file model.txt (compact mmCIF, C-alpha atoms)
# COMPACT_ATOMS: atom_id res chain seq x y z
CA MET I 7 0.00 0.00 0.00
CA GLN I 8 1.31 3.40 -0.96
CA PHE I 9 0.68 6.83 0.53
CA ASP I 10 1.12 10.13 -1.19
CA GLU I 11 3.40 12.41 0.73
CA PRO I 12 1.54 15.47 2.02
CA LYS I 13 2.29 18.46 -0.20
CA VAL I 14 4.42 21.20 1.30
CA THR I 15 2.16 24.20 0.89
CA GLN I 16 4.26 26.74 2.75
CA PHE I 17 6.23 28.77 0.26
CA PHE I 18 9.38 30.38 1.67
CA LEU I 19 11.07 33.15 -0.28
CA LYS I 20 14.81 33.08 -0.74
CA ILE I 21 16.47 36.28 0.53
CA GLU I 22 18.87 37.85 -1.96
CA PRO I 23 21.22 40.79 -1.40
CA LEU I 24 19.84 44.01 -2.90
CA SER I 25 21.65 45.38 -5.93
CA ALA I 26 20.72 47.83 -8.67
CA GLU I 27 20.98 45.07 -11.27
CA ALA I 28 18.76 42.59 -9.43
CA PHE I 29 16.18 45.31 -8.76
CA THR I 30 16.01 46.80 -12.29
CA ALA I 31 12.56 45.43 -13.10
CA PHE I 32 11.10 46.88 -9.89
CA GLY I 33 12.67 50.33 -9.61
CA GLU I 34 15.85 52.00 -8.48
CA VAL I 35 18.25 51.27 -5.66
CA ILE I 36 19.18 54.52 -3.91
CA ASP I 37 22.68 53.83 -2.67
CA ALA I 38 24.89 56.62 -1.37
CA ARG I 39 27.97 54.40 -1.73
CA ALA I 40 27.44 54.18 -5.50
CA SER I 41 27.93 57.93 -5.83
CA GLU I 42 31.24 59.77 -6.19
CA PRO I 43 31.44 62.33 -3.32
CA ILE I 44 31.80 65.95 -4.42
CA LEU I 45 33.36 68.41 -1.99
CA ILE I 46 31.10 71.45 -1.48
CA ASN I 47 30.50 74.26 1.02
CA GLN I 48 34.12 75.48 1.10
CA GLY I 49 35.22 71.96 1.95
CA TYR I 50 32.87 71.52 4.91
CA ALA I 51 30.55 69.03 3.24
CA GLN I 52 30.46 66.15 0.79
CA ARG I 53 27.60 65.85 -1.65
CA LEU I 54 26.54 62.35 -2.66
CA ALA I 55 24.01 62.22 -5.46
CA LEU I 56 21.15 59.80 -4.89
CA PRO I 57 19.94 59.37 -8.46
CA ALA I 58 16.21 58.69 -8.49
CA HIS I 59 13.42 59.24 -10.95
CA ILE I 60 10.73 60.83 -8.79
CA ASP I 61 7.83 59.98 -11.07
CA VAL I 62 4.75 61.69 -9.63
CA ALA I 63 3.45 63.97 -12.38
CA GLN I 64 0.62 61.66 -13.55
CA GLN I 65 -2.73 63.48 -13.29
CA SER I 66 -1.09 66.59 -11.80
CA GLY I 67 0.40 64.91 -8.78
CA GLU I 68 2.80 66.64 -6.42
CA VAL I 69 5.78 65.37 -4.45
CA THR I 70 5.04 64.54 -0.85
CA LEU I 71 7.31 63.72 1.99
CA ALA I 72 6.64 61.56 5.03
CA LEU I 73 8.47 59.86 7.85
CA PHE I 74 7.57 56.24 8.61
CA LYS I 75 8.48 54.70 11.95
CA ALA I 76 8.23 50.94 11.56
CA GLN I 77 8.32 47.90 13.82
CA PRO I 78 9.54 44.37 12.99
CA ARG I 79 7.01 41.59 12.39
CA PRO I 80 7.14 38.09 13.92
CA ASN I 81 9.55 35.64 12.32
CA PRO I 82 8.84 34.02 9.89
CA ILE I 83 7.30 37.05 8.27
CA VAL I 84 3.90 36.32 6.72
CA ILE I 85 3.42 37.87 3.29
CA GLU I 86 -0.31 38.12 2.72
CA LEU I 87 -0.86 41.55 1.19
CA MET I 88 0.79 43.24 -1.77
CA GLU I 89 0.22 46.76 -3.03
CA ARG I 90 1.14 49.02 -5.94
CA HIS I 91 0.78 52.67 -6.92
CA PRO I 92 -0.40 53.23 -10.49
CA LEU I 93 0.13 57.01 -10.47
CA GLY I 94 3.54 57.49 -8.91
CA SER I 95 6.86 56.10 -7.81
CA GLN I 96 7.42 55.56 -4.08
CA LEU I 97 10.82 56.05 -2.53
CA PHE I 98 11.98 54.65 0.82
CA TYR I 99 15.26 55.80 2.35
CA PRO I 100 16.41 54.54 5.78
CA LEU I 101 17.41 57.09 8.41
CA GLN I 102 19.55 54.58 10.29
CA ASP I 103 22.34 52.32 9.14
CA ARG I 104 20.53 49.00 9.67
CA PRO I 105 19.52 46.32 7.15
CA TRP I 106 15.88 46.00 6.12
CA LEU I 107 13.79 43.81 3.86
CA ILE I 108 12.02 44.21 0.53
CA VAL I 109 9.47 41.89 -1.07
CA VAL I 110 8.30 42.53 -4.64
CA CYS I 111 6.65 40.47 -7.37
CA ASP I 112 5.48 40.59 -10.97
CA ASP I 113 2.14 38.93 -10.28
CA PRO I 114 0.85 38.81 -6.70
CA LYS I 115 -1.07 35.61 -7.48
CA ASP I 116 1.99 33.74 -8.75
CA PRO I 117 4.40 32.79 -5.92
CA GLN I 118 7.12 32.01 -8.47
CA THR I 119 7.37 35.71 -9.41
CA TYR I 120 8.19 36.92 -5.90
CA ARG I 121 11.62 38.20 -4.89
CA ALA I 122 12.86 39.06 -1.39
CA PHE I 123 15.86 41.38 -0.99
CA LEU I 124 17.96 42.27 2.03
CA ALA I 125 18.84 45.98 1.80
CA LEU I 126 21.73 47.52 3.69
CA GLY I 127 21.22 50.59 5.86
CA CYS I 128 22.82 52.75 3.18
CA GLN I 129 20.36 51.51 0.55
CA GLY I 130 16.95 52.92 -0.19
CA VAL I 131 14.65 51.96 -3.05
CA ASN I 132 12.34 53.80 -5.38
CA TYR I 133 9.53 51.48 -6.47
CA ALA I 134 8.52 52.29 -10.04
CA ARG I 135 4.87 52.98 -10.82
CA ASN I 136 2.74 49.83 -10.84
CA VAL I 137 5.37 47.64 -9.18
CA TRP I 138 3.83 45.24 -6.69
CA HIS I 139 5.54 45.43 -3.30
CA HIS I 140 4.94 44.52 0.28
CA PRO I 141 4.51 47.32 2.86
CA LEU I 142 7.70 48.35 4.67
CA LEU I 143 9.52 45.45 6.40
CA VAL I 144 12.12 46.27 9.03
CA LEU I 145 14.30 44.10 11.25
CA ASP I 146 14.75 46.46 14.22
CA PRO I 147 12.30 48.37 16.45
CA ASN I 148 11.61 52.02 15.67
CA SER I 149 13.23 51.98 12.25
CA GLU I 150 12.70 55.33 10.54
CA PHE I 151 12.42 55.98 6.81
CA MET I 152 11.90 59.01 4.60
CA ILE I 153 9.19 58.41 2.04
CA ILE I 154 8.90 60.43 -1.17
CA ASP I 155 5.84 59.76 -3.25
CA ARG I 156 2.84 61.33 -4.97
CA LYS I 157 -0.04 63.37 -3.66
CA GLY I 158 -2.95 64.44 -5.82
CA GLU I 159 -6.27 63.50 -7.32
CA GLY I 160 -6.84 59.96 -8.55
CA VAL I 161 -6.67 56.49 -6.99
CA ASN I 162 -3.01 55.69 -6.40
CA LEU I 163 -3.31 52.48 -4.37
CA GLU I 164 -4.18 48.93 -5.38
CA GLU I 165 -4.02 46.10 -2.87
CA VAL I 166 -4.23 42.33 -3.26
CA ILE I 167 -4.79 39.97 -0.35
CA LEU I 168 -3.21 36.60 -1.06
CA SER I 169 -5.41 33.52 -0.73
CA GLN I 170 -2.30 31.56 0.27
CA PRO I 171 0.33 33.51 2.23
CA LEU I 172 4.03 33.30 1.53
CA TYR I 173 6.79 33.43 4.15
CA VAL I 174 10.17 34.98 4.73
CA GLN I 175 12.29 33.21 7.31
CA LEU I 176 14.94 35.28 9.05
CA SER I 177 17.89 33.34 10.39
CA MET H 26 42.42 115.55 24.35
CA GLN H 27 39.70 113.14 23.33
CA PHE H 28 39.83 109.88 21.44
CA ASP H 29 37.01 108.23 19.58
CA GLU H 30 36.43 104.74 20.80
CA PRO H 31 37.21 102.21 18.09
CA LYS H 32 34.01 101.03 16.46
CA VAL H 33 32.99 97.44 17.13
CA THR H 34 32.81 96.12 13.63
CA GLN H 35 32.23 92.46 14.44
CA PHE H 36 28.56 91.70 14.04
CA PHE H 37 27.37 88.65 16.01
CA LEU H 38 24.02 87.08 15.15
CA LYS H 39 21.62 86.17 17.91
CA ILE H 40 20.64 82.49 17.80
CA GLU H 41 16.88 81.91 17.97
CA PRO H 42 15.06 78.59 18.30
CA LEU H 43 13.62 77.43 14.99
CA SER H 44 9.84 77.49 14.66
CA ALA H 45 7.45 77.45 11.73
CA GLU H 46 6.21 80.94 12.68
CA ALA H 47 9.66 82.51 12.93
CA PHE H 48 10.69 80.91 9.63
CA THR H 49 7.60 81.81 7.58
CA ALA H 50 9.33 84.44 5.44
CA PHE H 51 12.13 82.02 4.50
CA GLY H 52 10.35 78.73 3.87
CA GLU H 53 8.90 75.78 5.72
CA VAL H 54 9.99 73.97 8.85
CA ILE H 55 9.74 70.21 8.28
CA ASP H 56 9.01 68.89 11.75
CA ALA H 57 7.88 65.31 12.28
CA ARG H 58 6.64 66.20 15.77
CA ALA H 59 4.12 68.65 14.33
CA SER H 60 2.35 65.82 12.51
CA GLU H 61 -0.35 63.52 13.90
CA PRO H 62 0.91 59.92 13.52
CA ILE H 63 -1.32 57.63 11.42
CA LEU H 64 -1.12 53.89 12.01
CA ILE H 65 -0.47 52.04 8.72
CA ASN H 66 0.86 48.68 7.45
CA GLN H 67 -1.47 46.55 9.59
CA GLY H 68 -0.27 48.37 12.67
CA TYR H 69 3.44 47.82 12.03
CA ALA H 70 4.25 51.44 11.12
CA GLN H 71 3.35 55.02 11.91
CA ARG H 72 3.16 57.56 9.12
CA LEU H 73 4.11 61.13 9.95
CA ALA H 74 3.39 63.62 7.22
CA LEU H 75 6.19 66.09 6.53
CA PRO H 76 4.25 68.83 4.75
CA ALA H 77 6.51 70.56 2.25
CA HIS H 78 5.98 72.44 -0.98
CA ILE H 79 8.61 70.91 -3.25
CA ASP H 80 8.74 73.78 -5.72
CA VAL H 81 10.96 72.66 -8.60
CA ALA H 82 8.82 72.91 -11.72
CA GLN H 83 10.26 76.26 -12.98
CA GLN H 84 11.69 75.80 -16.47
CA SER H 85 10.92 72.07 -16.49
CA GLY H 86 12.96 71.18 -13.46
CA GLU H 87 12.88 67.75 -11.85
CA VAL H 88 13.17 66.64 -8.25
CA THR H 89 16.60 65.48 -7.22
CA LEU H 90 17.81 63.79 -4.13
CA ALA H 91 21.22 63.93 -2.48
CA LEU H 92 22.93 63.07 0.75
CA PHE H 93 25.20 65.68 2.33
CA LYS H 94 27.78 64.69 4.91
CA ALA H 95 28.84 67.86 6.71
CA GLN H 96 31.52 68.88 9.19
CA PRO H 97 31.37 71.62 11.83
CA ARG H 98 33.21 74.90 11.27
CA PRO H 99 35.47 76.65 13.79
CA ASN H 100 33.70 78.63 16.52
CA PRO H 101 32.77 81.47 16.13
CA ILE H 102 31.37 80.57 12.74
CA VAL H 103 32.31 83.09 10.05
CA ILE H 104 29.43 84.01 7.74
CA GLU H 105 30.96 85.35 4.56
CA LEU H 106 28.97 83.77 1.74
CA MET H 107 25.23 83.60 1.16
CA GLU H 108 23.40 81.82 -1.65
CA ARG H 109 19.95 81.43 -3.12
CA HIS H 110 18.18 79.32 -5.72
CA PRO H 111 15.91 81.28 -8.08
CA LEU H 112 14.41 78.21 -9.79
CA GLY H 113 13.56 75.87 -6.94
CA SER H 114 13.03 75.22 -3.27
CA GLN H 115 15.75 73.36 -1.38
CA LEU H 116 14.93 71.01 1.44
CA PHE H 117 17.32 69.81 4.17
CA TYR H 118 16.30 67.01 6.52
CA PRO H 119 18.72 65.69 9.16
CA LEU H 120 19.35 61.93 9.34
CA GLN H 121 20.44 62.09 12.97
CA ASP H 122 18.75 63.54 16.01
CA ARG H 123 21.25 66.36 16.66
CA PRO H 124 20.74 70.14 16.58
CA TRP H 125 22.05 72.15 13.65
CA LEU H 126 22.18 75.75 12.56
CA ILE H 127 20.48 77.91 9.94
CA VAL H 128 21.43 81.41 8.78
CA VAL H 129 19.11 83.30 6.43
CA CYS H 130 18.60 86.93 5.45
CA ASP H 131 16.45 89.22 3.37
CA ASP H 132 19.36 91.20 1.94
CA PRO H 133 22.86 89.72 2.13
CA LYS H 134 24.37 93.22 2.22
CA ASP H 135 22.31 94.34 5.21
CA PRO H 136 23.49 92.70 8.48
CA GLN H 137 20.29 93.82 10.20
CA THR H 138 18.22 91.46 8.04
CA TYR H 139 20.06 88.31 9.08
CA ARG H 140 18.52 85.65 11.31
CA ALA H 141 20.24 82.62 12.87
CA PHE H 142 18.14 79.66 14.01
CA LEU H 143 19.01 76.60 16.05
CA ALA H 144 17.12 73.63 14.59
CA LEU H 145 16.47 70.45 16.53
CA GLY H 146 17.42 67.06 15.11
CA CYS H 147 13.78 66.39 14.27
CA GLN H 148 13.52 69.62 12.27
CA GLY H 149 14.36 70.07 8.63
CA VAL H 150 13.75 73.16 6.53
CA ASN H 151 12.63 73.82 2.99
CA TYR H 152 14.10 77.11 1.77
CA ALA H 153 11.66 78.82 -0.56
CA ARG H 154 12.84 79.93 -3.98
CA ASN H 155 15.03 83.03 -3.86
CA VAL H 156 15.58 82.92 -0.11
CA TRP H 157 19.13 83.85 0.84
CA HIS H 158 20.71 81.24 3.09
CA HIS H 159 24.09 80.11 4.25
CA PRO H 160 25.40 76.70 3.17
CA LEU H 161 24.70 73.85 5.60
CA LEU H 162 25.96 74.48 9.15
CA VAL H 163 26.27 71.54 11.52
CA LEU H 164 27.50 71.22 15.09
CA ASP H 165 28.77 67.62 15.04
CA PRO H 166 31.19 65.74 12.80
CA ASN H 167 29.79 63.61 9.97
CA SER H 168 26.28 65.04 10.16
CA GLU H 169 24.16 63.63 7.36
CA PHE H 170 21.24 65.30 5.63
CA MET H 171 18.82 64.40 2.86
CA ILE H 172 18.55 67.19 0.30
CA ILE H 173 15.59 67.52 -2.04
CA ASP H 174 15.89 70.21 -4.68
CA ARG H 175 15.71 70.96 -8.38
CA LYS H 176 17.65 69.62 -11.33
CA GLY H 177 17.23 70.97 -14.84
CA GLU H 178 18.21 73.60 -17.35
CA GLY H 179 18.75 77.18 -16.17
CA VAL H 180 20.98 78.87 -13.63
CA ASN H 181 19.68 77.96 -10.19
CA LEU H 182 22.45 79.37 -7.99
CA GLU H 183 23.32 82.92 -6.99
CA GLU H 184 26.09 83.61 -4.50
CA VAL H 185 27.13 86.76 -2.66
CA ILE H 186 30.45 87.14 -0.88
CA LEU H 187 30.15 89.59 2.03
CA SER H 188 32.63 92.45 2.15
CA GLN H 189 32.33 92.36 5.95
CA PRO H 190 31.75 88.92 7.49
CA LEU H 191 29.23 88.25 10.24
CA TYR H 192 29.67 85.80 13.09
CA VAL H 193 27.75 83.19 14.99
CA GLN H 194 29.13 82.40 18.41
CA LEU H 195 28.33 78.95 19.83
CA SER H 196 28.37 78.73 23.59
call {"tool": "encode", "arguments": {"input": "model.txt", "output": "structure tokens"}}
result
Amino acid sequence: MQFDEPKVTQFFLKIEPLSAEAFTAFGEVIDARASEPILINQGYAQRLALPAHIDVAQQSGEVTLALFKAQPRPNPIVIELMERHPLGSQLFYPLQDRPWLIVVCDDPKDPQTYRAFLALGCQGVNYARNVWHHPLLVLDPNSEFMIIDRKGEGVNLEEVILSQPLYVQLS
Amino acid sequence: MQFDEPKVTQFFLKIEPLSAEAFTAFGEVIDARASEPILINQGYAQRLALPAHIDVAQQSGEVTLALFKAQPRPNPIVIELMERHPLGSQLFYPLQDRPWLIVVCDDPKDPQTYRAFLALGCQGVNYARNVWHHPLLVLDPNSEFMIIDRKGEGVNLEEVILSQPLYVQLS
């Protein structure tokens, strides 16, 4: 007599290091280290460009600024909601030098299209318009981020709740 | 026989605390504490609005982002150069919770129009277009700031070198 093995239904995402190349399809990596410092202010400051395409002009949008203060989630992290912004890019830049986590996908209903990235504390990201991403995921209490995105008329948020959650396991 | 007393030619600026009211003529104070936190991300984050008028659209400008790493100047601080940006606002937001210093004026050639402000580490500023200000002044080594201003065609920098410097004395 033969038994089928029970199917493993929990889908764990592999965590990759964040790099501009790996993130190309989802937006920009905002990395101060990638920029050549320019001496300014009579030598009293360095300027590091953070190249980003702040893409908020759809339907007369304006740039808005916000501070997010985020808390870590229980481990393993349950991924059960994805969102995207059809009218503007959304930029996250950490205010402290601590790693944080990014989850994006091409199709929220297809687990095979998900990617999880570990960002360094010197790395922010700018999600391109329409890129599916998970809300902010941090590893340390009271992690603060600057957010630059779009304000204006029009519906700039789509959310999908997953019928089957995915997981990210932190070591 | 009578001598004239030598004239005191050194002009020291009084340091005022930074507040939105005091700064109205020069731009906006970006103060996370002034904002009512909104709970987002299923309760795992607070959103604090940082209301700012990012005014960069003159002559088809775009928003740019940079990181400045600044060093303190010798005390008393010599104020001998002022600048302004005719085509865009310029926003400075500190990445660390440490006080810093702002010097602005209505007319760079009139010492009476100068104001010096002590900003808290939770306070950024957004200089309005055409507002005369001193380059970034910090009190601690390696102070980092996010800068949001304009990139694009056109001359967006005017500088004035003072014939007679002013001073800010730190206690």
call {"tool": "interface_residues", "arguments": {"input": "model.txt", "of": "chain H", "to": "chain I", "cutoff": "7 Å", "atoms": "all atoms listed in the file", "output": "MDAnalysis selection string"}}
result
chainID H and resid 66 69:77 79 88:96 120 160
call {"tool": "calpha_fit_and_write", "arguments": {"input": "model.txt", "fixed": "chain I", "moving": "chain H", "output": "JSON list (two decimals) with C-alpha atoms, in the frame of the given file"}}
result
[["chain", "number", "residue", "atom", "x", "y", "z"],
["H", 26, "MET", "CA", -1.04, 0.23, 0.58],
["H", 27, "GLN", "CA", 0.45, 3.54, -0.47],
["H", 28, "PHE", "CA", -0.02, 7.03, 0.88],
["H", 29, "ASP", "CA", 0.62, 10.26, -0.93],
["H", 30, "GLU", "CA", 3.01, 12.43, 0.97],
["H", 31, "PRO", "CA", 1.31, 15.60, 2.15],
["H", 32, "LYS", "CA", 2.19, 18.47, -0.14],
["H", 33, "VAL", "CA", 4.43, 21.17, 1.31],
["H", 34, "THR", "CA", 2.26, 24.19, 0.83],
["H", 35, "GLN", "CA", 4.39, 26.71, 2.69],
["H", 36, "PHE", "CA", 6.34, 28.74, 0.18],
["H", 37, "PHE", "CA", 9.50, 30.36, 1.60],
["H", 38, "LEU", "CA", 11.18, 33.15, -0.35],
["H", 39, "LYS", "CA", 14.92, 33.11, -0.82],
["H", 40, "ILE", "CA", 16.56, 36.29, 0.46],
["H", 41, "GLU", "CA", 18.95, 37.89, -2.04],
["H", 42, "PRO", "CA", 21.27, 40.84, -1.46],
["H", 43, "LEU", "CA", 19.89, 44.05, -2.94],
["H", 44, "SER", "CA", 21.69, 45.45, -5.97],
["H", 45, "ALA", "CA", 20.76, 47.91, -8.69],
["H", 46, "GLU", "CA", 21.04, 45.14, -11.31],
["H", 47, "ALA", "CA", 18.83, 42.65, -9.47],
["H", 48, "PHE", "CA", 16.24, 45.36, -8.80],
["H", 49, "THR", "CA", 16.07, 46.85, -12.31],
["H", 50, "ALA", "CA", 12.62, 45.46, -13.13],
["H", 51, "PHE", "CA", 11.14, 46.89, -9.91],
["H", 52, "GLY", "CA", 12.69, 50.34, -9.62],
["H", 53, "GLU", "CA", 15.87, 52.04, -8.50],
["H", 54, "VAL", "CA", 18.27, 51.31, -5.67],
["H", 55, "ILE", "CA", 19.18, 54.57, -3.93],
["H", 56, "ASP", "CA", 22.68, 53.89, -2.67],
["H", 57, "ALA", "CA", 24.87, 56.69, -1.35],
["H", 58, "ARG", "CA", 27.95, 54.49, -1.72],
["H", 59, "ALA", "CA", 27.43, 54.26, -5.48],
["H", 60, "SER", "CA", 27.92, 58.02, -5.81],
["H", 61, "GLU", "CA", 31.22, 59.90, -6.15],
["H", 62, "PRO", "CA", 31.39, 62.43, -3.28],
["H", 63, "ILE", "CA", 31.74, 66.08, -4.35],
["H", 64, "LEU", "CA", 33.30, 68.53, -1.91],
["H", 65, "ILE", "CA", 31.00, 71.55, -1.39],
["H", 66, "ASN", "CA", 30.38, 74.37, 1.13],
["H", 67, "GLN", "CA", 33.99, 75.58, 1.21],
["H", 68, "GLY", "CA", 35.12, 72.08, 2.06],
["H", 69, "TYR", "CA", 32.77, 71.62, 5.01],
["H", 70, "ALA", "CA", 30.45, 69.10, 3.31],
["H", 71, "GLN", "CA", 30.40, 66.24, 0.85],
["H", 72, "ARG", "CA", 27.53, 65.92, -1.59],
["H", 73, "LEU", "CA", 26.50, 62.43, -2.61],
["H", 74, "ALA", "CA", 23.98, 62.29, -5.41],
["H", 75, "LEU", "CA", 21.11, 59.86, -4.87],
["H", 76, "PRO", "CA", 19.92, 59.42, -8.45],
["H", 77, "ALA", "CA", 16.19, 58.74, -8.47],
["H", 78, "HIS", "CA", 13.39, 59.28, -10.93],
["H", 79, "ILE", "CA", 10.69, 60.84, -8.76],
["H", 80, "ASP", "CA", 7.79, 59.98, -11.04],
["H", 81, "VAL", "CA", 4.71, 61.70, -9.60],
["H", 82, "ALA", "CA", 3.40, 63.96, -12.35],
["H", 83, "GLN", "CA", 0.56, 61.63, -13.52],
["H", 84, "GLN", "CA", -2.77, 63.45, -13.25],
["H", 85, "SER", "CA", -1.16, 66.55, -11.75],
["H", 86, "GLY", "CA", 0.34, 64.86, -8.74],
["H", 87, "GLU", "CA", 2.74, 66.60, -6.38],
["H", 88, "VAL", "CA", 5.71, 65.35, -4.41],
["H", 89, "THR", "CA", 5.00, 64.51, -0.81],
["H", 90, "LEU", "CA", 7.26, 63.67, 2.02],
["H", 91, "ALA", "CA", 6.61, 61.51, 5.07],
["H", 92, "LEU", "CA", 8.44, 59.80, 7.87],
["H", 93, "PHE", "CA", 7.57, 56.17, 8.63],
["H", 94, "LYS", "CA", 8.46, 54.63, 11.96],
["H", 95, "ALA", "CA", 8.24, 50.86, 11.55],
["H", 96, "GLN", "CA", 8.35, 47.81, 13.79],
["H", 97, "PRO", "CA", 9.58, 44.31, 12.95],
["H", 98, "ARG", "CA", 7.08, 41.51, 12.34],
["H", 99, "PRO", "CA", 7.22, 38.02, 13.87],
["H", 100, "ASN", "CA", 9.65, 35.59, 12.25],
["H", 101, "PRO", "CA", 8.94, 33.95, 9.82],
["H", 102, "ILE", "CA", 7.39, 36.99, 8.20],
["H", 103, "VAL", "CA", 3.99, 36.26, 6.67],
["H", 104, "ILE", "CA", 3.49, 37.81, 3.23],
["H", 105, "GLU", "CA", -0.23, 38.05, 2.66],
["H", 106, "LEU", "CA", -0.80, 41.48, 1.15],
["H", 107, "MET", "CA", 0.86, 43.18, -1.80],
["H", 108, "GLU", "CA", 0.27, 46.71, -3.07],
["H", 109, "ARG", "CA", 1.16, 48.98, -5.95],
["H", 110, "HIS", "CA", 0.81, 52.62, -6.93],
["H", 111, "PRO", "CA", -0.39, 53.20, -10.50],
["H", 112, "LEU", "CA", 0.10, 56.99, -10.45],
["H", 113, "GLY", "CA", 3.52, 57.47, -8.90],
["H", 114, "SER", "CA", 6.85, 56.09, -7.81],
["H", 115, "GLN", "CA", 7.42, 55.55, -4.09],
["H", 116, "LEU", "CA", 10.80, 56.04, -2.52],
["H", 117, "PHE", "CA", 11.98, 54.64, 0.83],
["H", 118, "TYR", "CA", 15.26, 55.80, 2.36],
["H", 119, "PRO", "CA", 16.39, 54.52, 5.77],
["H", 120, "LEU", "CA", 17.40, 57.07, 8.43],
["H", 121, "GLN", "CA", 19.54, 54.57, 10.30],
["H", 122, "ASP", "CA", 22.35, 52.34, 9.13],
["H", 123, "ARG", "CA", 20.56, 49.00, 9.66],
["H", 124, "PRO", "CA", 19.56, 46.33, 7.11],
["H", 125, "TRP", "CA", 15.93, 46.00, 6.08],
["H", 126, "LEU", "CA", 13.86, 43.82, 3.81],
["H", 127, "ILE", "CA", 12.07, 44.21, 0.48],
["H", 128, "VAL", "CA", 9.53, 41.87, -1.12],
["H", 129, "VAL", "CA", 8.38, 42.52, -4.69],
["H", 130, "CYS", "CA", 6.73, 40.47, -7.42],
["H", 131, "ASP", "CA", 5.57, 40.60, -11.01],
["H", 132, "ASP", "CA", 2.23, 38.92, -10.33],
["H", 133, "PRO", "CA", 0.93, 38.78, -6.76],
["H", 134, "LYS", "CA", -0.96, 35.56, -7.54],
["H", 135, "ASP", "CA", 2.11, 33.73, -8.83],
["H", 136, "PRO", "CA", 4.51, 32.76, -5.99],
["H", 137, "GLN", "CA", 7.24, 32.02, -8.54],
["H", 138, "THR", "CA", 7.47, 35.71, -9.46],
["H", 139, "TYR", "CA", 8.28, 36.91, -5.96],
["H", 140, "ARG", "CA", 11.70, 38.21, -4.95],
["H", 141, "ALA", "CA", 12.94, 39.07, -1.44],
["H", 142, "PHE", "CA", 15.93, 41.39, -1.03],
["H", 143, "LEU", "CA", 18.01, 42.29, 1.99],
["H", 144, "ALA", "CA", 18.89, 45.99, 1.76],
["H", 145, "LEU", "CA", 21.77, 47.55, 3.65],
["H", 146, "GLY", "CA", 21.25, 50.60, 5.85],
["H", 147, "CYS", "CA", 22.81, 52.79, 3.18],
["H", 148, "GLN", "CA", 20.37, 51.54, 0.54],
["H", 149, "GLY", "CA", 16.96, 52.94, -0.20],
["H", 150, "VAL", "CA", 14.68, 51.96, -3.06],
["H", 151, "ASN", "CA", 12.35, 53.81, -5.38],
["H", 152, "TYR", "CA", 9.54, 51.49, -6.49],
["H", 153, "ALA", "CA", 8.53, 52.30, -10.04],
["H", 154, "ARG", "CA", 4.89, 52.97, -10.82],
["H", 155, "ASN", "CA", 2.78, 49.81, -10.85],
["H", 156, "VAL", "CA", 5.40, 47.63, -9.21],
["H", 157, "TRP", "CA", 3.88, 45.20, -6.71],
["H", 158, "HIS", "CA", 5.59, 45.41, -3.34],
["H", 159, "HIS", "CA", 4.99, 44.50, 0.25],
["H", 160, "PRO", "CA", 4.55, 47.26, 2.84],
["H", 161, "LEU", "CA", 7.72, 48.30, 4.66],
["H", 162, "LEU", "CA", 9.56, 45.43, 6.37],
["H", 163, "VAL", "CA", 12.17, 46.24, 9.00],
["H", 164, "LEU", "CA", 14.35, 44.09, 11.22],
["H", 165, "ASP", "CA", 14.78, 46.43, 14.21],
["H", 166, "PRO", "CA", 12.33, 48.30, 16.43],
["H", 167, "ASN", "CA", 11.61, 51.96, 15.68],
["H", 168, "SER", "CA", 13.22, 51.94, 12.24],
["H", 169, "GLU", "CA", 12.68, 55.28, 10.54],
["H", 170, "PHE", "CA", 12.41, 55.95, 6.83],
["H", 171, "MET", "CA", 11.90, 58.98, 4.62],
["H", 172, "ILE", "CA", 9.17, 58.37, 2.05],
["H", 173, "ILE", "CA", 8.88, 60.41, -1.13],
["H", 174, "ASP", "CA", 5.82, 59.74, -3.23],
["H", 175, "ARG", "CA", 2.82, 61.29, -4.94],
["H", 176, "LYS", "CA", -0.08, 63.30, -3.61],
["H", 177, "GLY", "CA", -3.00, 64.37, -5.78],
["H", 178, "GLU", "CA", -6.32, 63.44, -7.29],
["H", 179, "GLY", "CA", -6.86, 59.88, -8.52],
["H", 180, "VAL", "CA", -6.68, 56.43, -6.98],
["H", 181, "ASN", "CA", -3.02, 55.64, -6.40],
["H", 182, "LEU", "CA", -3.30, 52.42, -4.39],
["H", 183, "GLU", "CA", -4.15, 48.87, -5.41],
["H", 184, "GLU", "CA", -3.98, 46.04, -2.90],
["H", 185, "VAL", "CA", -4.15, 42.27, -3.31],
["H", 186, "ILE", "CA", -4.72, 39.88, -0.42],
["H", 187, "LEU", "CA", -3.11, 36.50, -1.13],
["H", 188, "SER", "CA", -5.30, 33.43, -0.80],
["H", 189, "GLN", "CA", -2.18, 31.48, 0.19],
["H", 190, "PRO", "CA", 0.44, 33.44, 2.16],
["H", 191, "LEU", "CA", 4.16, 33.25, 1.46],
["H", 192, "TYR", "CA", 6.90, 33.39, 4.06],
["H", 193, "VAL", "CA", 10.27, 34.95, 4.65],
["H", 194, "GLN", "CA", 12.40, 33.19, 7.21],
["H", 195, "LEU", "CA", 15.05, 35.29, 8.98],
["H", 196, "SER", "CA", 18.00, 33.35, 10.30]]
call {"tool": "atom_distance", "arguments": {"input": "model.txt", "atom1": "atom CA of Asn155 of chain H", "atom2": "atom CA of Glu183 of chain H"}}
result
8.9 Å
call {"tool": "closest_residue", "arguments": {"input": "model.txt", "among": "I:Leu107, I:Leu24, I:Leu19, I:Leu145", "to": "Val174 of chain I", "atoms": "all atoms listed in the file"}}
result
I:Leu19
call {"tool": "atom_distance", "arguments": {"input": "model.txt", "atom1": "atom CA of Trp125 of chain H", "atom2": "atom CA of Gln129 of chain I"}}
result
24.5 Å
call {"tool": "residues_near_point", "arguments": {"input": "model.txt", "point": "(19.2, 82.3, 12.6)", "cutoff": "6 Å", "atoms": "only C-alpha atoms", "output": "PyMOL selection string"}}
result
chain H and resi 40-41+127-128+140-142
